>>> print(open('upload.pdb').read())   # PDB, C-alpha atoms
ATOM      1  CA  ASP O  54      -7.847  60.806  87.220  1.00  0.00           C
ATOM      2  CA  GLY O  55      -4.108  60.626  86.874  1.00  0.00           C
ATOM      3  CA  GLY O  56      -1.927  62.463  89.302  1.00  0.00           C
ATOM      4  CA  ILE O  57       0.587  62.431  92.109  1.00  0.00           C
ATOM      5  CA  THR O  58      -0.370  61.628  95.678  1.00  0.00           C
ATOM      6  CA  GLN O  59       1.775  62.686  98.587  1.00  0.00           C
ATOM      7  CA  SER O  60       1.166  61.520 102.120  1.00  0.00           C
ATOM      8  CA  PRO O  61       0.857  62.468 104.827  1.00  0.00           C
ATOM      9  CA  LYS O  62      -0.144  66.098 104.391  1.00  0.00           C
ATOM     10  CA  TYR O  63       1.352  66.993 107.779  1.00  0.00           C
ATOM     11  CA  LEU O  64       4.134  65.147 109.572  1.00  0.00           C
ATOM     12  CA  PHE O  65       5.797  65.768 112.901  1.00  0.00           C
ATOM     13  CA  ARG O  66       9.215  64.449 113.701  1.00  0.00           C
ATOM     14  CA  LYS O  67      11.033  64.255 116.977  1.00  0.00           C
ATOM     15  CA  GLU O  68      14.711  65.054 117.181  1.00  0.00           C
ATOM     16  CA  GLY O  69      16.827  62.097 116.077  1.00  0.00           C
ATOM     17  CA  GLN O  70      14.031  60.282 114.270  1.00  0.00           C
ATOM     18  CA  ASN O  71      13.933  59.190 110.660  1.00  0.00           C
ATOM     19  CA  VAL O  72      10.675  59.795 108.811  1.00  0.00           C
ATOM     20  CA  THR O  73       9.524  58.724 105.368  1.00  0.00           C
ATOM     21  CA  LEU O  74       7.391  60.782 103.029  1.00  0.00           C
ATOM     22  CA  SER O  75       5.341  58.927 100.468  1.00  0.00           C
ATOM     23  CA  CYS O  76       4.964  59.856  96.793  1.00  0.00           C
ATOM     24  CA  GLU O  77       2.918  57.797  94.339  1.00  0.00           C
ATOM     25  CA  GLN O  78       2.043  58.628  90.720  1.00  0.00           C
ATOM     26  CA  ASN O  79      -0.237  56.948  88.201  1.00  0.00           C
ATOM     27  CA  LEU O  80       0.784  59.057  85.239  1.00  0.00           C
ATOM     28  CA  ASN O  81       3.154  56.432  83.855  1.00  0.00           C
ATOM     29  CA  HIS O  82       5.961  58.980  84.125  1.00  0.00           C
ATOM     30  CA  ASP O  83       9.523  57.729  84.137  1.00  0.00           C
ATOM     31  CA  ALA O  84      11.129  60.630  86.003  1.00  0.00           C
ATOM     32  CA  MET O  85      10.366  61.634  89.586  1.00  0.00           C
ATOM     33  CA  TYR O  86      11.742  64.384  91.796  1.00  0.00           C
ATOM     34  CA  TRP O  87      11.796  65.606  95.376  1.00  0.00           C
ATOM     35  CA  TYR O  88      11.999  69.298  96.202  1.00  0.00           C
ATOM     36  CA  ARG O  89      12.262  71.185  99.437  1.00  0.00           C
ATOM     37  CA  GLN O  90      10.567  74.573  99.811  1.00  0.00           C
ATOM     38  CA  ASP O  91      11.365  77.034 102.593  1.00  0.00           C
ATOM     39  CA  PRO O  92       9.591  80.356 103.138  1.00  0.00           C
ATOM     40  CA  GLY O  93      10.887  83.046 100.829  1.00  0.00           C
ATOM     41  CA  GLN O  94      12.915  80.586  98.826  1.00  0.00           C
ATOM     42  CA  GLY O  95      12.382  78.752  95.608  1.00  0.00           C
ATOM     43  CA  LEU O  96      12.260  75.023  95.094  1.00  0.00           C
ATOM     44  CA  ARG O  97      15.492  73.208  95.837  1.00  0.00           C
ATOM     45  CA  LEU O  98      16.122  69.793  94.336  1.00  0.00           C
ATOM     46  CA  ILE O  99      16.876  66.997  96.797  1.00  0.00           C
ATOM     47  CA  TYR O 100      16.910  63.861  94.636  1.00  0.00           C
ATOM     48  CA  TYR O 101      15.624  62.760  91.271  1.00  0.00           C
ATOM     49  CA  SER O 102      15.173  59.472  89.486  1.00  0.00           C
ATOM     50  CA  GLN O 103      15.011  58.768  85.804  1.00  0.00           C
ATOM     51  CA  ILE O 104      14.180  55.061  85.962  1.00  0.00           C
ATOM     52  CA  VAL O 105      13.485  52.313  88.452  1.00  0.00           C
ATOM     53  CA  ASN O 106      16.412  51.415  90.708  1.00  0.00           C
ATOM     54  CA  ASP O 107      18.324  54.534  89.701  1.00  0.00           C
ATOM     55  CA  PHE O 108      18.424  57.948  91.358  1.00  0.00           C
ATOM     56  CA  GLN O 109      20.720  60.953  91.502  1.00  0.00           C
ATOM     57  CA  LYS O 110      21.528  63.530  94.135  1.00  0.00           C
ATOM     58  CA  GLY O 111      20.237  67.018  93.639  1.00  0.00           C
ATOM     59  CA  ASP O 112      21.532  70.237  95.135  1.00  0.00           C
ATOM     60  CA  ILE O 113      20.706  69.490  98.794  1.00  0.00           C
ATOM     61  CA  ALA O 114      20.806  65.695  99.177  1.00  0.00           C
ATOM     62  CA  GLU O 115      22.671  65.594 102.504  1.00  0.00           C
ATOM     63  CA  GLY O 116      20.520  64.124 105.267  1.00  0.00           C
ATOM     64  CA  TYR O 117      18.027  62.592 102.845  1.00  0.00           C
ATOM     65  CA  SER O 118      17.685  59.219 101.161  1.00  0.00           C
ATOM     66  CA  VAL O 119      15.360  57.825  98.485  1.00  0.00           C
ATOM     67  CA  SER O 120      14.477  54.584  96.782  1.00  0.00           C
ATOM     68  CA  ARG O 121      12.833  53.771  93.463  1.00  0.00           C
ATOM     69  CA  GLU O 122      11.786  50.130  93.587  1.00  0.00           C
ATOM     70  CA  LYS O 123       8.658  50.719  91.519  1.00  0.00           C
ATOM     71  CA  LYS O 124       7.975  53.139  88.685  1.00  0.00           C
ATOM     72  CA  GLU O 125       4.996  54.546  90.542  1.00  0.00           C
ATOM     73  CA  SER O 126       6.688  55.190  93.870  1.00  0.00           C
ATOM     74  CA  PHE O 127       9.523  57.433  95.026  1.00  0.00           C
ATOM     75  CA  PRO O 128       9.591  57.687  98.848  1.00  0.00           C
ATOM     76  CA  LEU O 129      11.845  60.191 100.594  1.00  0.00           C
ATOM     77  CA  THR O 130      13.390  59.485 103.989  1.00  0.00           C
ATOM     78  CA  VAL O 131      14.446  62.444 106.089  1.00  0.00           C
ATOM     79  CA  THR O 132      17.181  61.098 108.336  1.00  0.00           C
ATOM     80  CA  SER O 133      18.427  62.329 111.686  1.00  0.00           C
ATOM     81  CA  ALA O 134      21.457  63.680 109.832  1.00  0.00           C
ATOM     82  CA  GLN O 135      19.271  66.431 108.367  1.00  0.00           C
ATOM     83  CA  LYS O 136      19.701  69.152 110.957  1.00  0.00           C
ATOM     84  CA  ASN O 137      16.984  71.509 109.791  1.00  0.00           C
ATOM     85  CA  PRO O 138      14.239  69.365 108.278  1.00  0.00           C
ATOM     86  CA  THR O 139      11.273  71.643 108.948  1.00  0.00           C
ATOM     87  CA  ALA O 140      10.016  72.562 105.477  1.00  0.00           C
ATOM     88  CA  PHE O 141       7.407  71.904 102.816  1.00  0.00           C
ATOM     89  CA  TYR O 142       8.334  68.919 100.650  1.00  0.00           C
ATOM     90  CA  LEU O 143       7.100  68.555  97.104  1.00  0.00           C
ATOM     91  CA  CYS O 144       7.226  65.516  94.864  1.00  0.00           C
ATOM     92  CA  ALA O 145       6.977  65.877  91.098  1.00  0.00           C
ATOM     93  CA  SER O 146       7.096  63.718  88.012  1.00  0.00           C
ATOM     94  CA  SER O 147       7.687  64.185  84.299  1.00  0.00           C
ATOM     95  CA  ILE O 148       7.481  61.983  81.236  1.00  0.00           C
ATOM     96  CA  ASP O 149      11.219  61.492  81.270  1.00  0.00           C
ATOM     97  CA  LEU O 150      14.443  63.435  81.593  1.00  0.00           C
ATOM     98  CA  THR O 151      15.374  63.306  77.952  1.00  0.00           C
ATOM     99  CA  ARG O 152      12.611  65.566  76.706  1.00  0.00           C
ATOM    100  CA  ASP O 153      11.695  69.083  77.679  1.00  0.00           C
ATOM    101  CA  TYR O 154       8.322  68.657  79.272  1.00  0.00           C
ATOM    102  CA  GLY O 155       7.052  70.240  82.437  1.00  0.00           C
ATOM    103  CA  TYR O 156       6.544  68.642  85.799  1.00  0.00           C
ATOM    104  CA  THR O 157       3.381  67.592  87.573  1.00  0.00           C
ATOM    105  CA  PHE O 158       3.496  68.256  91.301  1.00  0.00           C
ATOM    106  CA  GLY O 159       1.888  66.615  94.279  1.00  0.00           C
ATOM    107  CA  SER O 160       0.111  68.594  96.983  1.00  0.00           C
ATOM    108  CA  GLY O 161       3.068  68.505  99.351  1.00  0.00           C
ATOM    109  CA  THR O 162       3.937  67.316 102.843  1.00  0.00           C
ATOM    110  CA  ARG O 163       4.650  69.808 105.601  1.00  0.00           C
ATOM    111  CA  LEU O 164       7.245  68.391 107.976  1.00  0.00           C
ATOM    112  CA  THR O 165       7.768  69.926 111.392  1.00  0.00           C
ATOM    113  CA  VAL O 166      10.352  68.990 114.013  1.00  0.00           C
ATOM    114  CA  VAL O 167       8.922  68.961 117.523  1.00  0.00           C
TER     115      VAL O 167
ATOM    116  CA  GLY Z1202      23.442  80.060  91.687  1.00  0.00           C
ATOM    117  CA  GLU Z1203      20.002  80.247  90.153  1.00  0.00           C
ATOM    118  CA  SER Z1204      19.743  81.274  86.556  1.00  0.00           C
ATOM    119  CA  VAL Z1205      16.079  82.125  86.852  1.00  0.00           C
ATOM    120  CA  GLY Z1206      14.956  85.077  88.934  1.00  0.00           C
ATOM    121  CA  LEU Z1207      12.058  87.441  89.370  1.00  0.00           C
ATOM    122  CA  HIS Z1208      12.099  91.222  89.388  1.00  0.00           C
ATOM    123  CA  LEU Z1209       9.412  91.696  92.065  1.00  0.00           C
ATOM    124  CA  PRO Z1210       8.898  89.486  95.083  1.00  0.00           C
ATOM    125  CA  THR Z1211       5.377  90.849  95.798  1.00  0.00           C
ATOM    126  CA  LEU Z1212       2.667  92.370  93.673  1.00  0.00           C
ATOM    127  CA  SER Z1213      -0.664  93.819  94.786  1.00  0.00           C
ATOM    128  CA  VAL Z1214      -3.356  94.549  92.218  1.00  0.00           C
ATOM    129  CA  GLN Z1215      -6.954  95.675  92.322  1.00  0.00           C
ATOM    130  CA  GLU Z1216      -9.561  93.123  91.357  1.00  0.00           C
ATOM    131  CA  GLY Z1217     -10.370  93.523  87.687  1.00  0.00           C
ATOM    132  CA  ASP Z1218      -7.028  95.051  86.770  1.00  0.00           C
ATOM    133  CA  ASN Z1219      -4.402  93.275  84.711  1.00  0.00           C
ATOM    134  CA  SER Z1220      -1.350  91.766  86.411  1.00  0.00           C
ATOM    135  CA  ILE Z1221       2.112  91.436  84.973  1.00  0.00           C
ATOM    136  CA  ILE Z1222       4.707  89.194  86.607  1.00  0.00           C
ATOM    137  CA  ASN Z1223       8.239  89.298  85.279  1.00  0.00           C
ATOM    138  CA  CYS Z1224      11.075  86.814  85.192  1.00  0.00           C
ATOM    139  CA  ALA Z1225      14.663  86.985  83.976  1.00  0.00           C
ATOM    140  CA  TYR Z1226      16.695  84.025  82.886  1.00  0.00           C
ATOM    141  CA  SER Z1227      20.397  83.840  82.225  1.00  0.00           C
ATOM    142  CA  ASN Z1228      20.868  80.728  80.083  1.00  0.00           C
ATOM    143  CA  SER Z1229      20.389  81.532  76.432  1.00  0.00           C
ATOM    144  CA  ALA Z1230      20.359  77.796  75.688  1.00  0.00           C
ATOM    145  CA  SER Z1231      17.098  77.295  77.591  1.00  0.00           C
ATOM    146  CA  ASP Z1232      14.402  76.337  75.137  1.00  0.00           C
ATOM    147  CA  TYR Z1233      11.296  75.739  77.219  1.00  0.00           C
ATOM    148  CA  PHE Z1234       9.701  77.893  79.889  1.00  0.00           C
ATOM    149  CA  ILE Z1235       6.805  77.292  82.237  1.00  0.00           C
ATOM    150  CA  TRP Z1236       4.749  79.373  84.633  1.00  0.00           C
ATOM    151  CA  TYR Z1237       3.389  77.695  87.754  1.00  0.00           C
ATOM    152  CA  LYS Z1238       0.837  78.933  90.277  1.00  0.00           C
ATOM    153  CA  GLN Z1239       1.107  77.856  93.887  1.00  0.00           C
ATOM    154  CA  GLU Z1240      -1.676  78.507  96.346  1.00  0.00           C
ATOM    155  CA  SER Z1241      -0.951  78.470 100.042  1.00  0.00           C
ATOM    156  CA  GLY Z1242      -0.268  74.971 101.351  1.00  0.00           C
ATOM    157  CA  LYS Z1243      -0.596  73.352  97.926  1.00  0.00           C
ATOM    158  CA  GLY Z1244       1.707  72.114  95.218  1.00  0.00           C
ATOM    159  CA  PRO Z1245       2.508  74.216  92.129  1.00  0.00           C
ATOM    160  CA  GLN Z1246       0.056  73.968  89.272  1.00  0.00           C
ATOM    161  CA  PHE Z1247       0.942  74.365  85.608  1.00  0.00           C
ATOM    162  CA  ILE Z1248      -0.470  77.574  84.094  1.00  0.00           C
ATOM    163  CA  ILE Z1249       1.097  78.003  80.700  1.00  0.00           C
ATOM    164  CA  ASP Z1250       4.282  77.188  78.836  1.00  0.00           C
ATOM    165  CA  ILE Z1251       6.192  78.541  75.873  1.00  0.00           C
ATOM    166  CA  ARG Z1252       8.987  77.211  73.719  1.00  0.00           C
ATOM    167  CA  SER Z1253      11.872  79.294  72.496  1.00  0.00           C
ATOM    168  CA  ASN Z1254      10.651  79.315  68.911  1.00  0.00           C
ATOM    169  CA  MET Z1255       7.697  81.466  70.006  1.00  0.00           C
ATOM    170  CA  ASP Z1256       7.505  84.933  71.540  1.00  0.00           C
ATOM    171  CA  LYS Z1257       3.911  84.881  72.720  1.00  0.00           C
ATOM    172  CA  ARG Z1258       1.388  82.320  73.798  1.00  0.00           C
ATOM    173  CA  GLN Z1259      -2.119  82.865  75.085  1.00  0.00           C
ATOM    174  CA  GLY Z1260      -4.299  80.824  77.370  1.00  0.00           C
ATOM    175  CA  GLN Z1261      -7.504  81.552  79.175  1.00  0.00           C
ATOM    176  CA  ARG Z1262      -6.950  85.021  80.720  1.00  0.00           C
ATOM    177  CA  VAL Z1263      -3.199  84.445  80.724  1.00  0.00           C
ATOM    178  CA  THR Z1264      -0.518  85.377  78.230  1.00  0.00           C
ATOM    179  CA  VAL Z1265       3.164  84.541  78.362  1.00  0.00           C
ATOM    180  CA  LEU Z1266       5.660  86.707  76.518  1.00  0.00           C
ATOM    181  CA  LEU Z1267       9.199  85.628  75.785  1.00  0.00           C
ATOM    182  CA  ASN Z1268      11.917  88.089  74.799  1.00  0.00           C
ATOM    183  CA  LYS Z1269      14.989  86.051  73.947  1.00  0.00           C
ATOM    184  CA  THR Z1270      17.045  89.143  73.146  1.00  0.00           C
ATOM    185  CA  VAL Z1271      17.028  90.285  76.750  1.00  0.00           C
ATOM    186  CA  LYS Z1272      16.256  86.865  78.238  1.00  0.00           C
ATOM    187  CA  HIS Z1273      13.026  87.976  79.806  1.00  0.00           C
ATOM    188  CA  LEU Z1274       9.764  86.179  80.427  1.00  0.00           C
ATOM    189  CA  SER Z1275       6.497  87.676  81.618  1.00  0.00           C
ATOM    190  CA  LEU Z1276       3.099  86.399  82.665  1.00  0.00           C
ATOM    191  CA  GLN Z1277       0.097  88.610  82.078  1.00  0.00           C
ATOM    192  CA  ILE Z1278      -3.175  87.885  83.837  1.00  0.00           C
ATOM    193  CA  ALA Z1279      -6.192  89.709  82.485  1.00  0.00           C
ATOM    194  CA  ALA Z1280      -9.015  90.901  84.738  1.00  0.00           C
ATOM    195  CA  THR Z1281      -7.344  89.619  87.885  1.00  0.00           C
ATOM    196  CA  GLN Z1282      -9.665  87.838  90.285  1.00  0.00           C
ATOM    197  CA  PRO Z1283      -9.347  87.034  94.012  1.00  0.00           C
ATOM    198  CA  GLY Z1284      -8.762  83.405  93.077  1.00  0.00           C
ATOM    199  CA  ASP Z1285      -5.594  84.473  91.289  1.00  0.00           C
ATOM    200  CA  SER Z1286      -3.955  85.306  94.625  1.00  0.00           C
ATOM    201  CA  ALA Z1287      -0.998  82.940  94.880  1.00  0.00           C
ATOM    202  CA  VAL Z1288       2.740  82.682  94.372  1.00  0.00           C
ATOM    203  CA  TYR Z1289       3.775  82.475  90.739  1.00  0.00           C
ATOM    204  CA  PHE Z1290       6.990  80.728  89.681  1.00  0.00           C
ATOM    205  CA  CYS Z1291       8.713  80.768  86.360  1.00  0.00           C
ATOM    206  CA  ALA Z1292      10.863  77.811  85.406  1.00  0.00           C
ATOM    207  CA  GLU Z1293      13.273  77.178  82.580  1.00  0.00           C
ATOM    208  CA  ASN Z1294      14.111  73.778  81.187  1.00  0.00           C
ATOM    209  CA  MET Z1295      17.761  73.421  80.331  1.00  0.00           C
ATOM    210  CA  ARG Z1296      19.527  70.553  78.703  1.00  0.00           C
ATOM    211  CA  SER Z1297      22.395  69.389  80.907  1.00  0.00           C
ATOM    212  CA  GLY Z1298      25.743  68.115  79.742  1.00  0.00           C
ATOM    213  CA  ALA Z1299      24.536  64.572  80.371  1.00  0.00           C
ATOM    214  CA  GLY Z1300      21.808  65.030  77.805  1.00  0.00           C
ATOM    215  CA  SER Z1301      18.922  65.237  80.228  1.00  0.00           C
ATOM    216  CA  TYR Z1302      16.604  68.149  80.902  1.00  0.00           C
ATOM    217  CA  GLN Z1303      15.994  69.707  84.266  1.00  0.00           C
ATOM    218  CA  LEU Z1304      13.737  72.523  85.396  1.00  0.00           C
ATOM    219  CA  THR Z1305      15.242  75.420  87.319  1.00  0.00           C
ATOM    220  CA  PHE Z1306      12.770  77.490  89.329  1.00  0.00           C
ATOM    221  CA  GLY Z1307      12.771  81.116  90.310  1.00  0.00           C
ATOM    222  CA  LYS Z1308      11.949  82.181  93.873  1.00  0.00           C
ATOM    223  CA  GLY Z1309       8.431  83.259  93.048  1.00  0.00           C
ATOM    224  CA  THR Z1310       6.295  86.394  93.101  1.00  0.00           C
ATOM    225  CA  LYS Z1311       3.415  86.645  95.525  1.00  0.00           C
ATOM    226  CA  LEU Z1312       0.343  88.120  93.864  1.00  0.00           C
ATOM    227  CA  SER Z1313      -2.262  89.642  96.175  1.00  0.00           C
ATOM    228  CA  VAL Z1314      -5.592  90.713  94.712  1.00  0.00           C
ATOM    229  CA  ILE Z1315      -7.393  93.535  96.499  1.00  0.00           C
ATOM    230  CA  PRO Z1316     -11.182  93.115  96.344  1.00  0.00           C
TER     231      PRO Z1316
END
>>> encode(input="upload.pdb", output="structure tokens")
Amino acid sequence: DGGITQSPKYLFRKEGQNVTLSCEQNLNHDAMYWYRQDPGQGLRLIYYSQIVNDFQKGDIAEGYSVSREKKESFPLTVTSAQKNPTAFYLCASSIDLTRDYGYTFGSGTRLTVV
Amino acid sequence: GESVGLHLPTLSVQEGDNSIINCAYSNSASDYFIWYKQESGKGPQFIIDIRSNMDKRQGQRVTVLLNKTVKHLSLQIAATQPGDSAVYFCAENMRSGAGSYQLTFGKGTKLSVIP
């Protein structure tokens, strides 16, 4: 079955640590996205990538970094510069950015600062 | 700010009744709309979509209505079941100035089904 796999499901971070969230897709989609979801709020775009080795900042990119070395993978690093990282993080993919198709989402990673 | 919003943040319905979840959008250039369902602790799942050249589309127990005149979108769920309890998001796909499309999501409506 094709889909998006996010890992881990739960992640705990100490103050000052960087952590990396994994996102892998086998849908052969060109575009990938990272969203942050806080209680009572909608999905906010962190970063997105249209093709390998290219990515763009979204609305709340500060304190986050990404890479896109392979089409299938789009890991998100939450750096120590992100002052309030506790949230639910969602990865998504779509066929590409140039056509109006919907997104397929992963099951999410819940990050908690301890 | 967000161009997609929802009229009601929470909705409680009796099992077996029909549910209607509403959404307003502000960009008349949006040409593709999607409803997602998100269960607690999970990622959003695609329910149904509609393009701007249609005003109604039906799926299994779900219907999406699009009123372009007033820029309003609704999701109707027939014979609501306990498994329908979730947060429902509408999303609009807009073409940006750079020629790419991007989904903008509303904040969601929480649907609670009373057994």
>>> residues_around(input="upload.pdb", residues="Gln135 (chain O)", least_positions_apart="6", cutoff="9 Å", atoms="only C-alpha atoms", output="count of residues only")
3
>>> resolve_selection(input="upload.pdb", expression="the ChimeraX specification (/Z :<7) & /O", output="count of residues only")
12
>>> residues_around(input="upload.pdb", residues="Ser118 (chain O)", least_positions_apart="5", cutoff="10 Å", atoms="all atoms listed in the file", output="list in words")
Thr73, Ile99, Tyr100, Phe108, Lys110, Pro128, Leu129, Thr130, Val131 and Thr132 of chain O
>>> axis_aligned_box(input="upload.pdb", around="region 1234-1237 of chain Z", padding_each_side="3 Å", output="AutoDock Vina command-line options")
--center_x 6.5 --center_y 78.3 --center_z 83.8 --size_x 12.3 --size_y 8.1 --size_z 13.9
>>> resolve_selection(input="upload.pdb", expression="the PyMOL selection byres ((chain Z and resi 1272-1281) around 8)", output="PyMOL selection string")
chain Z and resi 1214-1229+1236+1262-1271+1282-1283+1285+1314
>>> atom_distance(input="upload.pdb", atom1="CA of Asn1254 (chain Z)", atom2="CA of Tyr156 (chain O)")
20.4 Å
>>> residues_around(input="upload.pdb", residues="Ala84 (chain O)", least_positions_apart="5", cutoff="6 Å", atoms="all atoms listed in the file", output="list in words")
Ser102, Gln103, Ser146, Ser147 and Asp149 of chain O
>>> closest_residue(input="upload.pdb", among="O:Asn81, O:Thr157, O:Thr58, O:Gln90", to="Pro138 (chain O)", atoms="only C-alpha atoms")
O:Gln90
>>> atom_distance(input="upload.pdb", atom1="CA of Phe127 (chain O)", atom2="CA of Tyr86 (chain O)")
8.0 Å
>>> atom_distance(input="upload.pdb", atom1="CA of Ile1251 (chain Z)", atom2="CA of Ala145 (chain O)")
19.8 Å
>>> residues_near_point(input="upload.pdb", point="(5.4, 62.1, 100.2)", cutoff="7 Å", atoms="only C-alpha atoms", output="list of chain:residue names")
O:Gln59, O:Ser60, O:Pro61, O:Leu74, O:Ser75, O:Cys76, O:Pro128, O:Leu129, O:Cys144, O:Gly161, O:Thr162
>>> closest_residue(input="upload.pdb", among="O:Val167, O:Leu98, O:Val119, O:Ile57", to="Leu80 (chain O)", atoms="only C-alpha atoms")
O:Ile57
>>> resolve_selection(input="upload.pdb", expression="the PyMOL selection byres ((chain O and resi 65) around 7)", output="list in words")
Tyr63, Leu64, Arg66, Lys67, Leu164, Thr165, Val166 and Val167 of chain O
>>> write_last_selection(input="upload.pdb", atoms="C-alpha atoms", output="PDB file, in the coordinates of the input")
ATOM      1  CA  TYR O  63       1.352  66.993 107.779  1.00  0.00           C
ATOM      2  CA  LEU O  64       4.134  65.147 109.572  1.00  0.00           C
ATOM      3  CA  ARG O  66       9.215  64.449 113.701  1.00  0.00           C
ATOM      4  CA  LYS O  67      11.033  64.255 116.977  1.00  0.00           C
ATOM      5  CA  LEU O 164       7.245  68.391 107.976  1.00  0.00           C
ATOM      6  CA  THR O 165       7.768  69.926 111.392  1.00  0.00           C
ATOM      7  CA  VAL O 166      10.352  68.990 114.013  1.00  0.00           C
ATOM      8  CA  VAL O 167       8.922  68.961 117.523  1.00  0.00           C
TER       9      VAL O 167
END
